[in-house]
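Raw contents of coords.pdb, PDB, C-alpha atoms and all ligand atoms:
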ATOM      1  CA  MET U  27     -42.257 -61.366  37.193  1.00  0.00           C
ATOM      2  CA  PRO U  28     -39.145 -60.446  35.141  1.00  0.00           C
ATOM      3  CA  PHE U  29     -39.468 -58.947  31.665  1.00  0.00           C
ATOM      4  CA  VAL U  30     -36.868 -61.349  30.267  1.00  0.00           C
ATOM      5  CA  GLU U  31     -36.404 -64.785  31.754  1.00  0.00           C
ATOM      6  CA  ALA U  32     -32.947 -65.203  30.259  1.00  0.00           C
ATOM      7  CA  ILE U  33     -30.605 -64.210  27.468  1.00  0.00           C
ATOM      8  CA  HIS U  34     -29.209 -67.450  26.083  1.00  0.00           C
ATOM      9  CA  LEU U  35     -25.804 -67.646  24.454  1.00  0.00           C
ATOM     10  CA  HIS U  36     -26.487 -68.002  20.733  1.00  0.00           C
ATOM     11  CA  LYS U  37     -22.956 -67.968  19.347  1.00  0.00           C
ATOM     12  CA  THR U  38     -19.543 -66.351  19.546  1.00  0.00           C
ATOM     13  CA  LEU U  39     -17.472 -64.800  16.762  1.00  0.00           C
ATOM     14  CA  PRO U  40     -13.879 -63.537  16.649  1.00  0.00           C
ATOM     15  CA  CYS U  41     -13.711 -59.841  17.584  1.00  0.00           C
ATOM     16  CA  LEU U  42     -12.031 -58.104  14.640  1.00  0.00           C
ATOM     17  CA  ALA U  43     -11.321 -54.937  16.644  1.00  0.00           C
ATOM     18  CA  GLU U  44      -9.394 -56.879  19.297  1.00  0.00           C
ATOM     19  CA  PRO U  45      -7.702 -60.072  18.047  1.00  0.00           C
ATOM     20  CA  GLY U  46      -8.001 -62.886  20.588  1.00  0.00           C
ATOM     21  CA  LYS U  47     -11.261 -61.529  21.995  1.00  0.00           C
ATOM     22  CA  LEU U  48     -14.825 -62.531  21.183  1.00  0.00           C
ATOM     23  CA  ILE U  49     -18.117 -61.075  20.082  1.00  0.00           C
ATOM     24  CA  VAL U  50     -20.846 -62.743  22.121  1.00  0.00           C
ATOM     25  CA  ILE U  51     -24.344 -62.910  20.672  1.00  0.00           C
ATOM     26  CA  GLY U  52     -27.243 -63.711  22.972  1.00  0.00           C
ATOM     27  CA  THR U  53     -30.893 -64.432  22.267  1.00  0.00           C
ATOM     28  CA  PRO U  54     -33.451 -63.069  24.753  1.00  0.00           C
ATOM     29  CA  THR U  55     -36.495 -65.154  25.641  1.00  0.00           C
ATOM     30  CA  ARG U  56     -38.743 -62.327  24.389  1.00  0.00           C
ATOM     31  CA  THR U  57     -38.337 -59.363  22.071  1.00  0.00           C
ATOM     32  CA  LEU U  58     -36.757 -56.290  23.615  1.00  0.00           C
ATOM     33  CA  ASP U  59     -37.938 -53.369  21.496  1.00  0.00           C
ATOM     34  CA  GLY U  60     -40.682 -52.376  23.936  1.00  0.00           C
ATOM     35  CA  LEU U  61     -38.178 -52.132  26.759  1.00  0.00           C
ATOM     36  CA  LEU U  62     -35.323 -50.316  25.009  1.00  0.00           C
ATOM     37  CA  PRO U  63     -36.805 -46.782  25.437  1.00  0.00           C
ATOM     38  CA  LEU U  64     -36.650 -47.361  29.200  1.00  0.00           C
ATOM     39  CA  VAL U  65     -33.127 -48.733  29.074  1.00  0.00           C
ATOM     40  CA  ALA U  66     -32.009 -45.766  26.941  1.00  0.00           C
ATOM     41  CA  ALA U  67     -33.374 -43.447  29.637  1.00  0.00           C
ATOM     42  CA  VAL U  68     -31.416 -44.886  32.545  1.00  0.00           C
ATOM     43  CA  ALA U  69     -28.435 -46.872  31.256  1.00  0.00           C
ATOM     44  CA  PRO U  70     -25.033 -45.223  31.645  1.00  0.00           C
ATOM     45  CA  ASN U  71     -22.971 -44.523  28.549  1.00  0.00           C
ATOM     46  CA  VAL U  72     -25.639 -44.645  25.866  1.00  0.00           C
ATOM     47  CA  ILE U  73     -23.880 -44.232  22.529  1.00  0.00           C
ATOM     48  CA  SER U  74     -26.838 -44.392  20.200  1.00  0.00           C
ATOM     49  CA  PHE U  75     -30.513 -45.218  20.278  1.00  0.00           C
ATOM     50  CA  ASN U  76     -32.980 -45.632  17.452  1.00  0.00           C
ATOM     51  CA  PRO U  77     -36.536 -46.199  18.697  1.00  0.00           C
ATOM     52  CA  ILE U  78     -37.781 -46.840  15.156  1.00  0.00           C
ATOM     53  CA  ALA U  79     -35.304 -49.625  14.406  1.00  0.00           C
ATOM     54  CA  GLY U  80     -35.344 -50.775  18.025  1.00  0.00           C
ATOM     55  CA  THR U  81     -31.578 -50.619  18.480  1.00  0.00           C
ATOM     56  CA  LEU U  82     -29.568 -49.341  21.411  1.00  0.00           C
ATOM     57  CA  THR U  83     -25.790 -49.288  21.857  1.00  0.00           C
ATOM     58  CA  LEU U  84     -24.070 -48.840  25.209  1.00  0.00           C
ATOM     59  CA  ARG U  85     -20.371 -48.341  25.766  1.00  0.00           C
ATOM     60  CA  ARG U  86     -18.747 -50.737  28.156  1.00  0.00           C
ATOM     61  CA  LYS U  87     -15.112 -50.742  29.180  1.00  0.00           C
ATOM     62  CA  PRO U  88     -13.880 -52.134  26.907  1.00  0.00           C
ATOM     63  CA  GLY U  89     -16.216 -52.677  23.982  1.00  0.00           C
ATOM     64  CA  PHE U  90     -19.891 -52.166  23.311  1.00  0.00           C
ATOM     65  CA  ILE U  91     -23.234 -53.770  24.033  1.00  0.00           C
ATOM     66  CA  THR U  92     -25.805 -53.463  21.269  1.00  0.00           C
ATOM     67  CA  PHE U  93     -29.429 -54.430  21.737  1.00  0.00           C
ATOM     68  CA  TYR U  94     -31.635 -55.411  18.825  1.00  0.00           C
ATOM     69  CA  PRO U  95     -35.246 -56.542  19.225  1.00  0.00           C
ATOM     70  CA  ASP U  96     -34.250 -60.196  19.024  1.00  0.00           C
ATOM     71  CA  ARG U  97     -30.610 -60.297  20.106  1.00  0.00           C
ATOM     72  CA  VAL U  98     -27.853 -58.777  22.207  1.00  0.00           C
ATOM     73  CA  MET U  99     -24.312 -58.384  20.908  1.00  0.00           C
ATOM     74  CA  ILE U 100     -21.332 -57.764  23.204  1.00  0.00           C
ATOM     75  CA  THR U 101     -17.877 -56.987  21.801  1.00  0.00           C
ATOM     76  CA  GLN U 102     -14.358 -57.414  23.192  1.00  0.00           C
ATOM     77  CA  VAL U 103     -15.244 -60.298  25.487  1.00  0.00           C
ATOM     78  CA  VAL U 104     -12.303 -62.226  26.954  1.00  0.00           C
ATOM     79  CA  SER U 105     -13.873 -65.692  27.164  1.00  0.00           C
ATOM     80  CA  VAL U 106     -17.127 -67.606  26.834  1.00  0.00           C
ATOM     81  CA  GLU U 107     -17.336 -67.640  30.610  1.00  0.00           C
ATOM     82  CA  GLU U 108     -17.099 -63.850  30.764  1.00  0.00           C
ATOM     83  CA  GLY U 109     -19.675 -63.687  27.968  1.00  0.00           C
ATOM     84  CA  LEU U 110     -22.134 -65.731  30.002  1.00  0.00           C
ATOM     85  CA  ASP U 111     -21.614 -63.443  33.003  1.00  0.00           C
ATOM     86  CA  LEU U 112     -22.161 -60.381  30.822  1.00  0.00           C
ATOM     87  CA  LEU U 113     -25.339 -61.816  29.328  1.00  0.00           C
ATOM     88  CA  GLN U 114     -26.650 -62.457  32.840  1.00  0.00           C
ATOM     89  CA  ALA U 115     -25.720 -58.914  33.935  1.00  0.00           C
ATOM     90  CA  THR U 116     -27.427 -57.546  30.836  1.00  0.00           C
ATOM     91  CA  CYS U 117     -30.542 -59.561  31.608  1.00  0.00           C
ATOM     92  CA  ASP U 118     -30.514 -58.151  35.153  1.00  0.00           C
ATOM     93  CA  LEU U 119     -30.210 -54.598  33.808  1.00  0.00           C
ATOM     94  CA  LEU U 120     -33.215 -55.116  31.541  1.00  0.00           C
ATOM     95  CA  ASN U 121     -35.304 -56.529  34.344  1.00  0.00           C
ATOM     96  CA  GLN U 122     -34.381 -53.702  36.707  1.00  0.00           C
ATOM     97  CA  CYS U 123     -35.581 -51.208  34.103  1.00  0.00           C
ATOM     98  CA  TRP U 124     -38.817 -53.132  33.776  1.00  0.00           C
ATOM     99  CA  GLU U 125     -39.267 -53.285  37.541  1.00  0.00           C
ATOM    100  CA  HIS U 126     -38.964 -49.479  37.770  1.00  0.00           C
ATOM    101  CA  ARG U 127     -40.884 -48.720  34.580  1.00  0.00           C
ATOM    102  CA  ASP U 128     -43.456 -46.564  36.381  1.00  0.00           C
ATOM    103  CA  THR U 129     -40.761 -44.109  37.453  1.00  0.00           C
ATOM    104  CA  ILE U 130     -38.811 -43.931  34.179  1.00  0.00           C
ATOM    105  CA  GLN U 131     -39.517 -41.435  31.417  1.00  0.00           C
ATOM    106  CA  PRO U 132     -38.875 -43.426  28.208  1.00  0.00           C
ATOM    107  CA  VAL U 133     -36.681 -41.972  25.478  1.00  0.00           C
ATOM    108  CA  THR U 134     -38.603 -41.582  22.229  1.00  0.00           C
ATOM    109  CA  THR U 135     -36.135 -39.683  20.049  1.00  0.00           C
ATOM    110  CA  ILE U 136     -33.176 -40.867  18.019  1.00  0.00           C
ATOM    111  CA  ARG U 137     -29.781 -40.403  19.629  1.00  0.00           C
ATOM    112  CA  ARG U 138     -26.869 -40.783  17.273  1.00  0.00           C
ATOM    113  CA  ALA U 139     -23.373 -41.946  18.016  1.00  0.00           C
ATOM    114  CA  PRO U 140     -20.718 -39.215  18.288  1.00  0.00           C
ATOM    115  CA  ARG U 141     -18.484 -38.828  15.245  1.00  0.00           C
ATOM    116  CA  PRO U 142     -14.740 -38.109  15.200  1.00  0.00           C
ATOM    117  CA  LEU U 143     -15.352 -34.445  14.365  1.00  0.00           C
ATOM    118  CA  ASP U 144     -17.642 -34.065  17.405  1.00  0.00           C
ATOM    119  CA  ILE U 145     -14.796 -35.293  19.599  1.00  0.00           C
ATOM    120  CA  TRP U 146     -12.069 -33.341  17.813  1.00  0.00           C
ATOM    121  CA  ALA U 147     -13.997 -30.077  18.305  1.00  0.00           C
ATOM    122  CA  LEU U 148     -13.592 -30.491  22.068  1.00  0.00           C
ATOM    123  CA  LEU U 149      -9.862 -31.312  22.009  1.00  0.00           C
ATOM    124  CA  PRO U 150      -7.023 -28.727  22.295  1.00  0.00           C
ATOM    125  CA  GLN U 151      -6.241 -29.276  18.565  1.00  0.00           C
ATOM    126  CA  THR U 152      -2.505 -28.679  19.015  1.00  0.00           C
ATOM    127  CA  ASN U 153      -1.372 -32.107  17.705  1.00  0.00           C
ATOM    128  CA  CYS U 154       1.218 -32.183  20.492  1.00  0.00           C
ATOM    129  CA  LYS U 155       1.358 -36.033  20.442  1.00  0.00           C
ATOM    130  CA  ARG U 156       1.517 -36.353  24.251  1.00  0.00           C
ATOM    131  CA  CYS U 157      -1.342 -38.861  24.097  1.00  0.00           C
ATOM    132  CA  GLY U 158       0.763 -41.130  21.911  1.00  0.00           C
ATOM    133  CA  GLU U 159      -1.333 -40.426  18.819  1.00  0.00           C
ATOM    134  CA  PRO U 160       0.058 -38.465  15.858  1.00  0.00           C
ATOM    135  CA  THR U 161      -2.785 -35.909  15.818  1.00  0.00           C
ATOM    136  CA  CYS U 162      -5.821 -34.807  17.831  1.00  0.00           C
ATOM    137  CA  MET U 163      -8.035 -36.320  15.114  1.00  0.00           C
ATOM    138  CA  ALA U 164      -6.272 -39.668  15.544  1.00  0.00           C
ATOM    139  CA  PHE U 165      -6.904 -39.393  19.292  1.00  0.00           C
ATOM    140  CA  ALA U 166     -10.594 -38.674  18.578  1.00  0.00           C
ATOM    141  CA  CYS U 167     -10.832 -41.818  16.441  1.00  0.00           C
ATOM    142  CA  ALA U 168      -9.025 -43.868  19.110  1.00  0.00           C
ATOM    143  CA  LEU U 169     -11.492 -42.610  21.726  1.00  0.00           C
ATOM    144  CA  LEU U 170     -14.422 -43.774  19.645  1.00  0.00           C
ATOM    145  CA  LEU U 171     -12.778 -47.184  19.256  1.00  0.00           C
ATOM    146  CA  ASN U 172     -12.235 -47.427  23.031  1.00  0.00           C
ATOM    147  CA  LYS U 173      -8.464 -47.507  22.493  1.00  0.00           C
ATOM    148  CA  GLN U 174      -8.020 -44.286  24.480  1.00  0.00           C
ATOM    149  CA  THR U 175      -9.857 -42.593  27.333  1.00  0.00           C
ATOM    150  CA  PRO U 176     -10.486 -38.847  27.763  1.00  0.00           C
ATOM    151  CA  ASP U 177      -7.799 -38.801  30.469  1.00  0.00           C
ATOM    152  CA  GLY U 178      -5.290 -39.882  27.814  1.00  0.00           C
ATOM    153  CA  CYS U 179      -4.953 -36.262  26.644  1.00  0.00           C
ATOM    154  CA  PRO U 180      -2.673 -34.707  29.320  1.00  0.00           C
ATOM    155  CA  PRO U 181      -3.211 -31.038  28.331  1.00  0.00           C
ATOM    156  CA  MET U 182      -6.948 -31.511  28.661  1.00  0.00           C
ATOM    157  CA  ALA U 183      -6.700 -33.338  31.966  1.00  0.00           C
ATOM    158  CA  SER U 184      -4.420 -30.758  33.558  1.00  0.00           C
ATOM    159  CA  ASP U 185      -5.515 -27.394  32.158  1.00  0.00           C
ATOM    160  CA  LEU U 186      -8.425 -25.625  33.841  1.00  0.00           C
ATOM    161  CA  ILE U 187      -9.188 -23.908  30.556  1.00  0.00           C
ATOM    162  CA  PHE U 188     -10.422 -27.213  29.208  1.00  0.00           C
ATOM    163  CA  GLY U 189     -12.405 -28.169  32.300  1.00  0.00           C
ATOM    164  CA  GLU U 190     -15.803 -27.611  30.755  1.00  0.00           C
ATOM    165  CA  ARG U 191     -14.801 -29.225  27.473  1.00  0.00           C
ATOM    166  CA  LYS U 192     -13.393 -32.205  29.392  1.00  0.00           C
ATOM    167  CA  ALA U 193     -16.756 -32.671  31.102  1.00  0.00           C
ATOM    168  CA  GLN U 194     -18.462 -32.590  27.698  1.00  0.00           C
ATOM    169  CA  LEU U 195     -15.963 -35.091  26.361  1.00  0.00           C
ATOM    170  CA  ASP U 196     -16.538 -37.416  29.314  1.00  0.00           C
ATOM    171  CA  ALA U 197     -20.289 -37.219  28.724  1.00  0.00           C
ATOM    172  CA  LEU U 198     -19.871 -37.880  25.010  1.00  0.00           C
ATOM    173  CA  VAL U 199     -17.621 -40.927  25.232  1.00  0.00           C
ATOM    174  CA  GLY U 200     -18.271 -42.176  28.730  1.00  0.00           C
ATOM    175  CA  GLY U 201     -15.094 -41.104  30.468  1.00  0.00           C
ATOM    176  CA  GLY U 202     -14.370 -40.452  34.122  1.00  0.00           C
ATOM    177  CA  ALA U 203     -14.580 -44.084  35.304  1.00  0.00           C
TER     178      ALA U 203
HETATM  179  S1  LIG U 301      -2.382 -35.025  23.837  1.00  0.00           S
HETATM  180 FE1  LIG U 301      -4.355 -34.002  23.437  1.00  0.00          FE
HETATM  181  S2  LIG U 301      -3.746 -32.082  22.429  1.00  0.00           S
HETATM  182 FE2  LIG U 301      -2.006 -33.465  22.276  1.00  0.00          FE
HETATM  183  S3  LIG U 301      -2.270 -34.546  20.300  1.00  0.00           S
HETATM  184 FE3  LIG U 301      -3.200 -35.815  21.873  1.00  0.00          FE
HETATM  185  S4  LIG U 301      -5.345 -35.181  21.829  1.00  0.00           S
HETATM  186 FE4  LIG U 301      -4.222 -33.576  20.807  1.00  0.00          FE
END

Rewrite the structure of this file - the entire thing - as structure tokens.
Amino acid sequence: MPFVEAIHLHKTLPCLAEPGKLIVIGTPTRTLDGLLPLVAAVAPNVISFNPIAGTLTLRRKPGFITFYPDRVMITQVVSVEEGLDLLQATCDLLNQCWEHRDTIQPVTTIRRAPRPLDIWALLPQTNCKRCGEPTCMAFACALLLNKQTPDGCPPMASDLIFGERKAQLDALVGGGA
């Protein structure tokens, strides 16, 4: 038996970060907080997790999926049709976690979202502008907004010196895909 029967489309809003796109809000058929520690343990690209508040944010490309106990919010969605597909895929992800619950070690600690300074500390910090941004800090902010990817910094992608830092950056902001 699935954990969640369905996540119904509740409403859509204009996506302020990406004009022309939508924020899709879905309502699950049961509360999710009991499941989120399992999802946080296995989902790719976890940005933040708060087991006390029962909130979990995942990075998707592009945009974010945020789970609350009683709703799911997906940003940068192209159309209502895509939103419905994403809600179904999200429902499937939740149910897969539930199905494998006996083999998953739940996450019980807070995981916070990376901040621009966390990203900047890993960058070459030369402000060379090859990424198209005026500074490395601007690139860090663009990464967090999903407007750049880690591969957008050519010195980092090409220089072996930054290999380890690049791997950390990929892990932090979900690069390499
Ligand atoms: S290409 Fe890399 S090193 Fe150059 S400004 Fe952009 S982030 Fe900084």

### Task
List the residues matched by the PyMOL selection byres (((chain U and resi 62) around 12) and not hetatm) in the displayed structure as a PyMOL selection string, ordered by chain and then by residue number.
chain U and resi 29+57-61+63-69+72+74-84+92-96+98+119-121+123-124+127+130-136

Kindly export the residues of the current selection with C-alpha atoms, as an mmCIF file, in the coordinates of the input.
data_model
loop_
_atom_site.group_PDB
_atom_site.id
_atom_site.type_symbol
_atom_site.label_atom_id
_atom_site.label_comp_id
_atom_site.auth_asym_id
_atom_site.auth_seq_id
_atom_site.Cartn_x
_atom_site.Cartn_y
_atom_site.Cartn_z
ATOM 1 C CA PHE U 29 -39.468 -58.947 31.665
ATOM 2 C CA THR U 57 -38.337 -59.363 22.071
ATOM 3 C CA LEU U 58 -36.757 -56.290 23.615
ATOM 4 C CA ASP U 59 -37.938 -53.369 21.496
ATOM 5 C CA GLY U 60 -40.682 -52.376 23.936
ATOM 6 C CA LEU U 61 -38.178 -52.132 26.759
ATOM 7 C CA PRO U 63 -36.805 -46.782 25.437
ATOM 8 C CA LEU U 64 -36.650 -47.361 29.200
ATOM 9 C CA VAL U 65 -33.127 -48.733 29.074
ATOM 10 C CA ALA U 66 -32.009 -45.766 26.941
ATOM 11 C CA ALA U 67 -33.374 -43.447 29.637
ATOM 12 C CA VAL U 68 -31.416 -44.886 32.545
ATOM 13 C CA ALA U 69 -28.435 -46.872 31.256
ATOM 14 C CA VAL U 72 -25.639 -44.645 25.866
ATOM 15 C CA SER U 74 -26.838 -44.392 20.200
ATOM 16 C CA PHE U 75 -30.513 -45.218 20.278
ATOM 17 C CA ASN U 76 -32.980 -45.632 17.452
ATOM 18 C CA PRO U 77 -36.536 -46.199 18.697
ATOM 19 C CA ILE U 78 -37.781 -46.840 15.156
ATOM 20 C CA ALA U 79 -35.304 -49.625 14.406
ATOM 21 C CA GLY U 80 -35.344 -50.775 18.025
ATOM 22 C CA THR U 81 -31.578 -50.619 18.480
ATOM 23 C CA LEU U 82 -29.568 -49.341 21.411
ATOM 24 C CA THR U 83 -25.790 -49.288 21.857
ATOM 25 C CA LEU U 84 -24.070 -48.840 25.209
ATOM 26 C CA THR U 92 -25.805 -53.463 21.269
ATOM 27 C CA PHE U 93 -29.429 -54.430 21.737
ATOM 28 C CA TYR U 94 -31.635 -55.411 18.825
ATOM 29 C CA PRO U 95 -35.246 -56.542 19.225
ATOM 30 C CA ASP U 96 -34.250 -60.196 19.024
ATOM 31 C CA VAL U 98 -27.853 -58.777 22.207
ATOM 32 C CA LEU U 119 -30.210 -54.598 33.808
ATOM 33 C CA LEU U 120 -33.215 -55.116 31.541
ATOM 34 C CA ASN U 121 -35.304 -56.529 34.344
ATOM 35 C CA CYS U 123 -35.581 -51.208 34.103
ATOM 36 C CA TRP U 124 -38.817 -53.132 33.776
ATOM 37 C CA ARG U 127 -40.884 -48.720 34.580
ATOM 38 C CA ILE U 130 -38.811 -43.931 34.179
ATOM 39 C CA GLN U 131 -39.517 -41.435 31.417
ATOM 40 C CA PRO U 132 -38.875 -43.426 28.208
ATOM 41 C CA VAL U 133 -36.681 -41.972 25.478
ATOM 42 C CA THR U 134 -38.603 -41.582 22.229
ATOM 43 C CA THR U 135 -36.135 -39.683 20.049
ATOM 44 C CA ILE U 136 -33.176 -40.867 18.019
#

Step by step, gather every atom of region 135-146 of chain U that the file lists, find the box along x, y and z that holds them, add 5 Å on each side, and finally give centre and edge lengths in Å to one decimal, as AutoDock Vina command-line options.
--center_x -24.1 --center_y -37.6 --center_z 17.2 --size_x 34.1 --size_y 18.6 --size_z 15.7

Write out, as CSV, each residue of chain U that has an atom at most 7 Å from ligand LIG 301 (chain U), together with the closest pair of atoms and their distance in Å to one decimal, counting only C-alpha atoms and all ligand atoms, rows going by chain and rising number.
residue,atom,partner,partner_atom,distance
U:Leu149,CA,U:LIG301,S4,6.0
U:Pro150,CA,U:LIG301,S2,4.7
U:Gln151,CA,U:LIG301,FE4,5.3
U:Thr152,CA,U:LIG301,S2,5.0
U:Asn153,CA,U:LIG301,S3,3.7
U:Cys154,CA,U:LIG301,FE2,3.9
U:Lys155,CA,U:LIG301,S3,3.9
U:Arg156,CA,U:LIG301,S1,4.1
U:Cys157,CA,U:LIG301,S1,4.0
U:Gly158,CA,U:LIG301,FE3,6.6
U:Glu159,CA,U:LIG301,FE3,5.8
U:Pro160,CA,U:LIG301,S3,6.4
U:Thr161,CA,U:LIG301,S3,4.7
U:Cys162,CA,U:LIG301,FE4,3.6
U:Phe165,CA,U:LIG301,S4,5.2
U:Gly178,CA,U:LIG301,S1,6.9
U:Cys179,CA,U:LIG301,FE1,4.0
U:Pro180,CA,U:LIG301,S1,5.5
U:Pro181,CA,U:LIG301,FE1,5.8
U:Met182,CA,U:LIG301,FE1,6.3

### Task
Write out as JSON, numbers by chain the residues lying within 7 Å of Val50 (chain U), counting all atoms listed in the file and excluding same-chain residues fewer than 6 positions away.
{"U": [37, 38, 39, 99, 100, 101, 103, 109]}

### Task
Write out as a PyMOL selection string each polymer residue whose atoms come within 12 Å of region 189-201 of chain U, counting only C-alpha atoms; drop sequence neighbours fewer than 3 positions from it.
chain U and resi 69-74+84-90+137-142+144-150+166-186

### Message
Quick check, in Å to one decimal: how far apart do CA of His34 (chain U) and CA of Pro54 (chain U) lie?
### Response
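CA of His34 (chain U) sits 6.2 Å away from CA of Pro54 (chain U).
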
### Query
What is the CA of Glu125 (chain U)-CA of Glu31 (chain U) distance in Å, reported with one decimal?
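Those two atoms sit 13.2 Å apart.
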
#### Entry: Atom-to-atom span, CA of Ser105 (chain U) and CA of Ile51 (chain U), Å
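Between CA of Ser105 (chain U) and CA of Ile51 (chain U) the gap is 12.6 Å.
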
### Task
Could you tell me which residues the PyMOL selection byres (((chain U and resi 47) around 8) and not hetatm) returns for this structure, as a list in words?
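On the file shown, the PyMOL selection byres (((chain U and resi 47) around 8) and not hetatm) covers Pro40, Cys41, Glu44, Pro45, Gly46, Leu48, Ile49, Gln102, Val103, Val104 and Ser105 of chain U.
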
#### Entry: Nearest residue to Glu107 (chain U) from the set U:Leu143, U:Leu35, U:Ala164, U:Leu42 (distances using all atoms listed in the file)
U:Leu35

Could I get region 142-153 of chain U rebuilt with N, CA and C atoms, written as a short mmCIF file (atom, residue, chain, number, x, y, z; two decimals), in the frame of the given file?
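The result, stored in rebuild_22.cif:
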data_model
loop_
_atom_site.label_atom_id
_atom_site.label_comp_id
_atom_site.auth_asym_id
_atom_site.auth_seq_id
_atom_site.Cartn_x
_atom_site.Cartn_y
_atom_site.Cartn_z
N PRO U 142 -16.07 -38.63 14.87
CA PRO U 142 -14.74 -38.11 15.20
C PRO U 142 -14.68 -36.59 15.27
N LEU U 143 -15.40 -35.92 14.37
CA LEU U 143 -15.35 -34.44 14.36
C LEU U 143 -15.99 -33.87 15.63
N ASP U 144 -17.01 -34.53 16.16
CA ASP U 144 -17.64 -34.06 17.40
C ASP U 144 -16.62 -34.08 18.54
N ILE U 145 -15.81 -35.15 18.55
CA ILE U 145 -14.80 -35.29 19.60
C ILE U 145 -13.67 -34.28 19.38
N TRP U 146 -13.20 -34.22 18.14
CA TRP U 146 -12.07 -33.34 17.81
C TRP U 146 -12.38 -31.90 18.20
N ALA U 147 -13.62 -31.47 18.01
CA ALA U 147 -14.00 -30.08 18.30
C ALA U 147 -13.79 -29.73 19.77
N LEU U 148 -13.77 -30.75 20.63
CA LEU U 148 -13.59 -30.49 22.07
C LEU U 148 -12.13 -30.56 22.49
N LEU U 149 -11.27 -31.11 21.65
CA LEU U 149 -9.86 -31.31 22.01
C LEU U 149 -9.06 -30.02 21.83
N PRO U 150 -7.84 -29.95 22.41
CA PRO U 150 -7.02 -28.73 22.30
C PRO U 150 -6.60 -28.42 20.85
N GLN U 151 -6.56 -29.44 20.00
CA GLN U 151 -6.24 -29.28 18.57
C GLN U 151 -4.84 -28.73 18.33
N THR U 152 -3.89 -29.13 19.18
CA THR U 152 -2.50 -28.68 19.02
C THR U 152 -1.62 -29.76 18.37
N ASN U 153 -2.15 -30.98 18.27
CA ASN U 153 -1.37 -32.11 17.70
C ASN U 153 -0.03 -32.28 18.41
#
